[in-house]
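Here's upload_21.txt, which has compact mmCIF, C-alpha atoms and all ligand atoms:
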# COMPACT_ATOMS: atom_id res chain seq x y z
CA MET T 1 68.45 189.92 143.73
CA ALA T 2 67.83 189.11 147.38
CA PRO T 3 66.03 185.84 148.09
CA ALA T 4 62.37 186.07 149.04
CA THR T 5 63.20 184.78 152.50
CA ASP T 6 65.18 187.97 153.14
CA ALA T 7 62.13 190.15 152.44
CA ALA T 8 61.05 192.98 154.70
CA VAL T 9 57.45 193.95 155.30
CA GLY T 10 56.44 197.45 154.17
CA ARG T 11 54.37 199.82 156.28
CA ASP T 12 51.35 199.56 153.97
CA GLY T 13 51.14 195.79 154.37
CA SER T 14 52.79 194.94 151.08
CA ALA T 15 56.11 193.19 151.13
CA MET T 16 59.47 194.11 149.68
CA VAL T 17 60.84 191.11 147.83
CA GLY T 18 64.14 191.53 146.01
CA GLY T 19 63.56 195.28 145.82
CA ARG T 20 60.14 194.96 144.19
CA ARG T 21 56.83 195.56 145.92
CA PHE T 22 54.22 192.83 145.82
CA ARG T 23 50.63 193.04 147.06
CA TRP T 24 49.45 190.34 149.45
CA SER T 25 47.24 188.92 146.68
CA ALA T 26 50.32 188.36 144.55
CA LEU T 27 52.08 186.80 147.53
CA ALA T 28 49.16 184.44 148.05
CA VAL T 29 49.54 183.18 144.49
CA LEU T 30 53.28 182.79 144.97
CA GLY T 31 52.63 180.99 148.23
CA VAL T 32 50.49 178.42 146.44
CA LEU T 33 53.07 178.04 143.70
CA PHE T 34 56.18 177.69 145.83
CA GLY T 35 54.84 176.52 149.17
CA ALA T 36 53.71 178.67 152.05
CA THR T 37 56.74 177.91 154.19
CA ALA T 38 59.02 180.01 152.01
CA PHE T 39 56.94 183.08 152.84
CA SER T 40 56.17 182.28 156.45
CA GLY T 41 58.34 185.21 157.50
CA LEU T 42 56.13 187.73 155.74
CA VAL T 43 53.82 188.32 158.65
CA PRO T 44 53.49 191.94 159.81
CA GLY T 45 55.10 192.44 163.20
CA ARG T 46 57.40 189.47 162.93
CA PRO T 47 61.03 189.53 161.72
CA PRO T 48 61.54 187.90 158.32
CA THR T 49 62.37 184.22 158.41
CA VAL T 50 65.85 183.57 157.08
CA VAL T 51 66.44 180.21 155.43
CA ALA T 52 70.00 179.43 154.44
CA ALA T 53 71.96 176.39 153.30
CA CYS T 54 75.58 175.59 154.04
CA PRO T 55 77.62 175.80 150.82
CA VAL T 56 79.82 172.83 151.79
CA ALA T 57 79.01 169.33 153.00
CA GLY T 58 80.24 167.81 156.25
CA ALA T 59 81.45 169.32 159.49
CA VAL T 60 82.65 172.93 159.27
CA ASP T 61 85.12 174.51 161.68
CA VAL T 62 84.73 178.12 160.59
CA VAL T 63 82.57 180.19 158.25
CA LEU T 64 84.35 183.21 156.77
CA ASP T 65 82.09 185.98 155.50
CA PRO T 66 83.51 188.38 152.90
CA GLY T 67 81.67 191.61 153.78
CA HIS T 68 79.40 193.33 151.24
CA GLY T 69 78.98 191.99 147.68
CA GLY T 70 76.53 192.27 144.81
CA VAL T 71 75.19 195.82 144.42
CA ASP T 72 76.78 196.77 147.76
CA PRO T 73 80.48 197.54 147.14
CA GLY T 74 81.15 198.63 150.72
CA ALA T 75 83.74 201.36 151.22
CA LEU T 76 85.68 202.78 148.27
CA ASN T 77 89.02 204.49 147.79
CA GLU T 78 88.79 205.54 144.17
CA PRO T 79 92.25 207.14 143.79
CA PHE T 80 93.79 203.81 144.80
CA GLY T 81 91.18 201.69 142.99
CA LEU T 82 90.13 199.96 146.21
CA VAL T 83 86.67 198.39 146.55
CA GLU T 84 85.86 196.86 149.92
CA LYS T 85 83.79 193.95 148.56
CA GLU T 86 86.77 192.88 146.42
CA LEU T 87 89.29 193.17 149.27
CA THR T 88 87.11 191.18 151.67
CA LEU T 89 86.68 188.38 149.14
CA ALA T 90 90.41 188.22 148.36
CA VAL T 91 91.32 188.09 152.05
CA ALA T 92 88.63 185.52 152.89
CA GLU T 93 89.76 183.22 150.07
CA GLN T 94 93.41 183.45 151.17
CA ALA T 95 92.55 182.89 154.83
CA ALA T 96 90.40 179.89 153.84
CA ALA T 97 93.28 178.41 151.84
CA ILE T 98 95.66 178.78 154.81
CA LEU T 99 93.19 177.18 157.23
CA ARG T 100 92.36 174.33 154.83
CA ALA T 101 96.07 173.60 154.36
CA ARG T 102 96.26 173.19 158.15
CA GLY T 103 93.40 170.70 158.16
CA HIS T 104 90.44 172.93 159.06
CA ALA T 105 87.11 172.73 157.24
CA VAL T 106 86.11 176.19 156.00
CA ALA T 107 83.03 177.57 154.26
CA LEU T 108 82.65 181.01 152.68
CA THR T 109 79.31 182.84 152.58
CA ARG T 110 80.10 184.02 149.05
CA THR T 111 82.79 183.17 146.49
CA ASP T 112 82.18 185.83 143.84
CA GLY T 113 81.63 189.56 143.61
CA ASP T 114 78.09 189.36 142.25
CA THR T 115 76.46 187.63 145.21
CA GLY T 116 74.64 189.96 147.60
CA LEU T 117 73.66 188.71 151.05
CA GLY T 118 71.53 190.15 153.82
CA ASN T 119 73.28 190.50 157.18
CA SER T 120 71.01 187.97 158.90
CA GLU T 121 71.51 185.57 156.00
CA ARG T 122 75.26 185.59 156.64
CA GLY T 123 74.75 184.42 160.21
CA ALA T 124 72.12 181.93 159.08
CA ILE T 125 74.64 180.33 156.70
CA ALA T 126 77.06 179.90 159.61
CA ASN T 127 74.26 178.26 161.61
CA ALA T 128 73.37 175.96 158.69
CA CYS T 129 77.03 174.88 158.54
CA GLY T 130 77.07 174.10 162.26
CA ALA T 131 80.32 176.07 162.36
CA ARG T 132 82.42 176.41 165.53
CA ALA T 133 83.28 180.02 164.70
CA PHE T 134 82.09 182.79 162.35
CA VAL T 135 84.13 185.75 161.10
CA SER T 136 82.69 188.58 159.03
CA ILE T 137 85.57 190.37 157.26
CA HIS T 138 85.53 194.12 156.55
CA PHE T 139 87.75 197.09 155.74
CA ASN T 140 87.08 200.36 157.51
CA SER T 141 86.82 203.91 156.14
CA PHE T 142 86.57 207.40 157.63
CA ASP T 143 86.51 211.04 156.49
CA ASP T 144 89.76 211.82 158.35
CA PRO T 145 92.52 210.14 156.30
CA VAL T 146 94.88 210.01 159.29
CA VAL T 147 92.75 207.42 161.08
CA ASN T 148 93.87 203.79 160.86
CA TYR T 149 93.23 201.11 163.44
CA THR T 150 92.15 197.49 163.80
CA LYS T 151 88.86 196.82 165.52
CA SER T 152 86.70 193.77 166.17
CA PHE T 153 83.00 193.86 166.95
CA TRP T 154 81.00 191.39 168.97
CA GLY T 155 77.23 190.88 169.22
CA VAL T 156 75.37 191.18 172.51
CA ARG T 157 76.41 187.82 173.91
CA ALA T 158 79.54 186.96 175.89
CA LYS T 159 80.39 184.09 173.52
CA ASP T 160 81.36 186.67 170.90
CA GLN T 161 83.36 188.99 173.14
CA ALA T 162 86.19 186.58 173.97
CA PHE T 163 86.56 185.56 170.32
CA SER T 164 86.60 189.23 169.26
CA ARG T 165 89.43 189.93 171.71
CA VAL T 166 91.51 187.09 170.25
CA MET T 167 90.92 188.29 166.70
CA ASP T 168 91.68 191.94 167.45
CA ALA T 169 94.88 191.12 169.33
CA THR T 170 96.07 188.81 166.55
CA LEU T 171 95.28 191.32 163.79
CA PHE T 172 96.98 194.20 165.61
CA ALA T 173 100.13 192.21 166.44
CA ALA T 174 100.47 191.03 162.85
CA LEU T 175 99.61 194.27 161.06
CA GLN T 176 101.11 197.03 163.22
CA PRO T 177 104.88 196.51 162.75
CA GLY T 178 106.33 199.14 160.43
CA THR T 179 103.10 201.14 160.31
CA ASP T 180 101.17 203.77 162.31
CA LEU T 181 98.30 201.33 162.83
CA ALA T 182 96.56 201.72 166.20
CA ASP T 183 94.60 199.15 168.21
CA GLY T 184 90.91 200.05 168.31
CA GLY T 185 90.09 197.15 170.62
CA VAL T 186 86.68 195.50 170.67
CA GLU T 187 83.21 197.01 170.78
CA GLU T 188 79.63 195.75 170.99
CA PHE T 189 77.67 196.00 167.74
CA GLU T 190 74.18 194.66 167.09
CA SER T 191 74.93 193.42 163.58
CA GLY T 192 72.27 191.13 162.09
CA ALA T 193 74.95 188.59 161.21
CA LEU T 194 76.38 188.51 164.74
CA LEU T 195 72.94 188.37 166.34
CA ARG T 196 71.79 185.52 164.09
CA ALA T 197 74.90 183.36 164.39
CA THR T 198 74.73 181.00 167.36
CA MET T 199 78.48 180.14 167.58
CA PRO T 200 81.26 182.52 168.73
CA SER T 201 81.18 185.27 166.12
CA THR T 202 83.01 188.45 165.32
CA LEU T 203 83.09 191.20 162.73
CA VAL T 204 86.66 192.31 162.05
CA GLU T 205 87.34 195.78 160.66
CA THR T 206 90.87 194.95 159.61
CA VAL T 207 92.37 198.31 158.52
CA PHE T 208 91.23 201.63 157.02
CA LEU T 209 91.30 201.80 153.23
CA SER T 210 90.75 205.58 153.58
CA ASN T 211 94.24 206.02 155.10
CA PRO T 212 96.64 206.85 152.21
CA ASP T 213 99.61 204.88 153.59
CA GLU T 214 97.39 201.86 154.24
CA ALA T 215 95.68 202.26 150.85
CA ALA T 216 99.07 202.24 149.12
CA ARG T 217 99.95 199.01 150.92
CA LEU T 218 96.60 197.43 150.01
CA ALA T 219 96.90 198.51 146.37
CA ASN T 220 100.50 197.30 145.99
CA PRO T 221 100.53 194.65 143.23
CA ASP T 222 102.79 192.45 145.37
CA GLY T 223 99.71 191.59 147.46
CA ALA T 224 101.81 191.41 150.63
CA ARG T 225 99.45 193.47 152.82
CA LEU T 226 96.38 191.45 151.87
CA ALA T 227 98.34 188.22 152.43
CA ARG T 228 99.39 189.45 155.87
CA ILE T 229 95.79 190.30 156.78
CA ALA T 230 94.64 186.87 155.59
CA ALA T 231 97.38 185.13 157.57
CA ALA T 232 96.42 187.09 160.69
CA ILE T 233 92.75 186.14 160.35
CA ALA T 234 93.72 182.49 159.86
CA ALA T 235 96.04 182.62 162.89
CA GLY T 236 93.35 184.18 165.08
CA VAL T 237 90.77 181.60 164.05
CA GLU T 238 93.23 178.75 164.61
CA ALA T 239 94.15 180.07 168.06
CA TRP T 240 90.48 180.30 168.97
CA LEU T 241 89.64 176.80 167.67
CA ALA T 242 92.62 175.34 169.56
CA GLY T 243 91.45 176.88 172.82
CA SER T 244 87.71 176.34 172.53
ZN ZN E 1 82.30 196.74 155.49
Mind turning this structure into structure tokens?
Ligand SMILES: [Zn+2]
Amino acid sequence: MAPATDAAVGRDGSAMVGGRRFRWSALAVLGVLFGATAFSGLVPGRPPTVVAACPVAGAVDVVLDPGHGGVDPGALNEPFGLVEKELTLAVAEQAAAILRARGHAVALTRTDGDTGLGNSERGAIANACGARAFVSIHFNSFDDPVVNYTKSFWGVRAKDQAFSRVMDATLFAALQPGTDLADGGVEEFESGALLRATMPSTLVETVFLSNPDEAARLANPDGARLARIAAAIAAGVEAWLAGS
């Protein structure tokens, strides 16, 4: 269930909280019970207030965000048994382990498959951590199974564009050898997570799980493809941190 602070305001003046519709009278009672500040975002015409806490204590170098989660599985490739929310978590955990072993402080926005997060909440967690960089990790999918490329998205601010270029170049160089993978470059994308996060931020669409050759690599029990993707993300983040 989504936290109340991630609520959206419905057209009729009631508010959507965790998928259920409450009347303002009910919200008033809740406001008294839990404190008005928690619901301060529920004002028509204003974006919802997002309150987030950093999951780790102390200074954080990078927040890694495993895309999707909870009731949102992300993209699927059923013949290969691939579920995006599981792949993103596996890669984020491996990348975090690599970066921690090299002395970097890392926080993840979620560490299990059941947690669902709003897009803005993901960026808000990175802000709460005071992170130097934020990476939202995804796997791409398309109707045409031939398509397979790396791509990194940046928000509307220049701080994200340079970081996205570093991440895309690192992912492509690490993942292309021996494959038909193309380089999709970088593109602007007004993601809630990228817009909310105040530090250099990027959303990486690593590879296409809809491409059969790529899907076979991702589904291979040896885990080599996922490990390579994780190592590439860690290398890109480390290169960025070293130069920023
Ligand atoms: Zn995704």
| field | Distance query Phe142 in chain T at most 10 Å, all atoms listed in the file, self and fewer than 6 positions along chain excluded, as JSON, numbers by chain | value | {"T": [75, 148, 208, 209, 210, 211]}
| said: From (95.0, 196.2, 144.1), in the file's coordinates, out to 10 Å: which residues are reached, counting all atoms listed in the file? Answer as a ChimeraX atom specification. | reply: /T:80-83,86-87,215-223,226
| task | May I have the residues within 6 Å of ligand ZN 1 (chain E), computed using only C-alpha atoms and all ligand atoms, as a ChimeraX atom specification? | result | /T:67,74,138-139
| said: Which residue is closest to Ala169 in chain T? Choose from T:Ala105, T:Ala90, T:Val146, T:Ala235 and count all atoms listed in the file. | reply: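 Closest to Ala169 in chain T of all the choices is T:Ala235.
These residues, each with an atom at most 12 Å from (88.3, 195.3, 173.2) using only C-alpha atoms, are T:Thr150, T:Lys151, T:Ser152, T:Phe153, T:Trp154, T:Asp160, T:Gln161, T:Ala162, T:Phe163, T:Ser164, T:Arg165, T:Val166, T:Met167, T:Asp168, T:Ala169, T:Phe172, T:Asp183, T:Gly184, T:Gly185, T:Val186, T:Glu187, T:Glu188, T:Phe189, T:Thr202, T:Val204.
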| query | Can you tell me how far CA of Leu195 in chain T sits from CA of Arg157 in chain T, in Å to one decimal? | reply | 8.3 Å
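If you look at CA of Asp65 in chain T and CA of Arg102 in chain T, they are 19.3 Å away from each other.
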So that I can check the surroundings of Ala227 in chain T, please list as a PDB file with C-alpha atoms, keeping the file's coordinate frame every protein, DNA and RNA residue that reaches within 9 Å of it, counting only C-alpha atoms and ignoring chain neighbours fewer than 6 positions away.
ATOM      1  CA  ALA T  90      90.410 188.220 148.360  1.00  0.00           C
ATOM      2  CA  VAL T  91      91.320 188.090 152.050  1.00  0.00           C
ATOM      3  CA  GLN T  94      93.410 183.450 151.170  1.00  0.00           C
ATOM      4  CA  ALA T  95      92.550 182.890 154.830  1.00  0.00           C
TER       5      ALA T  95
END
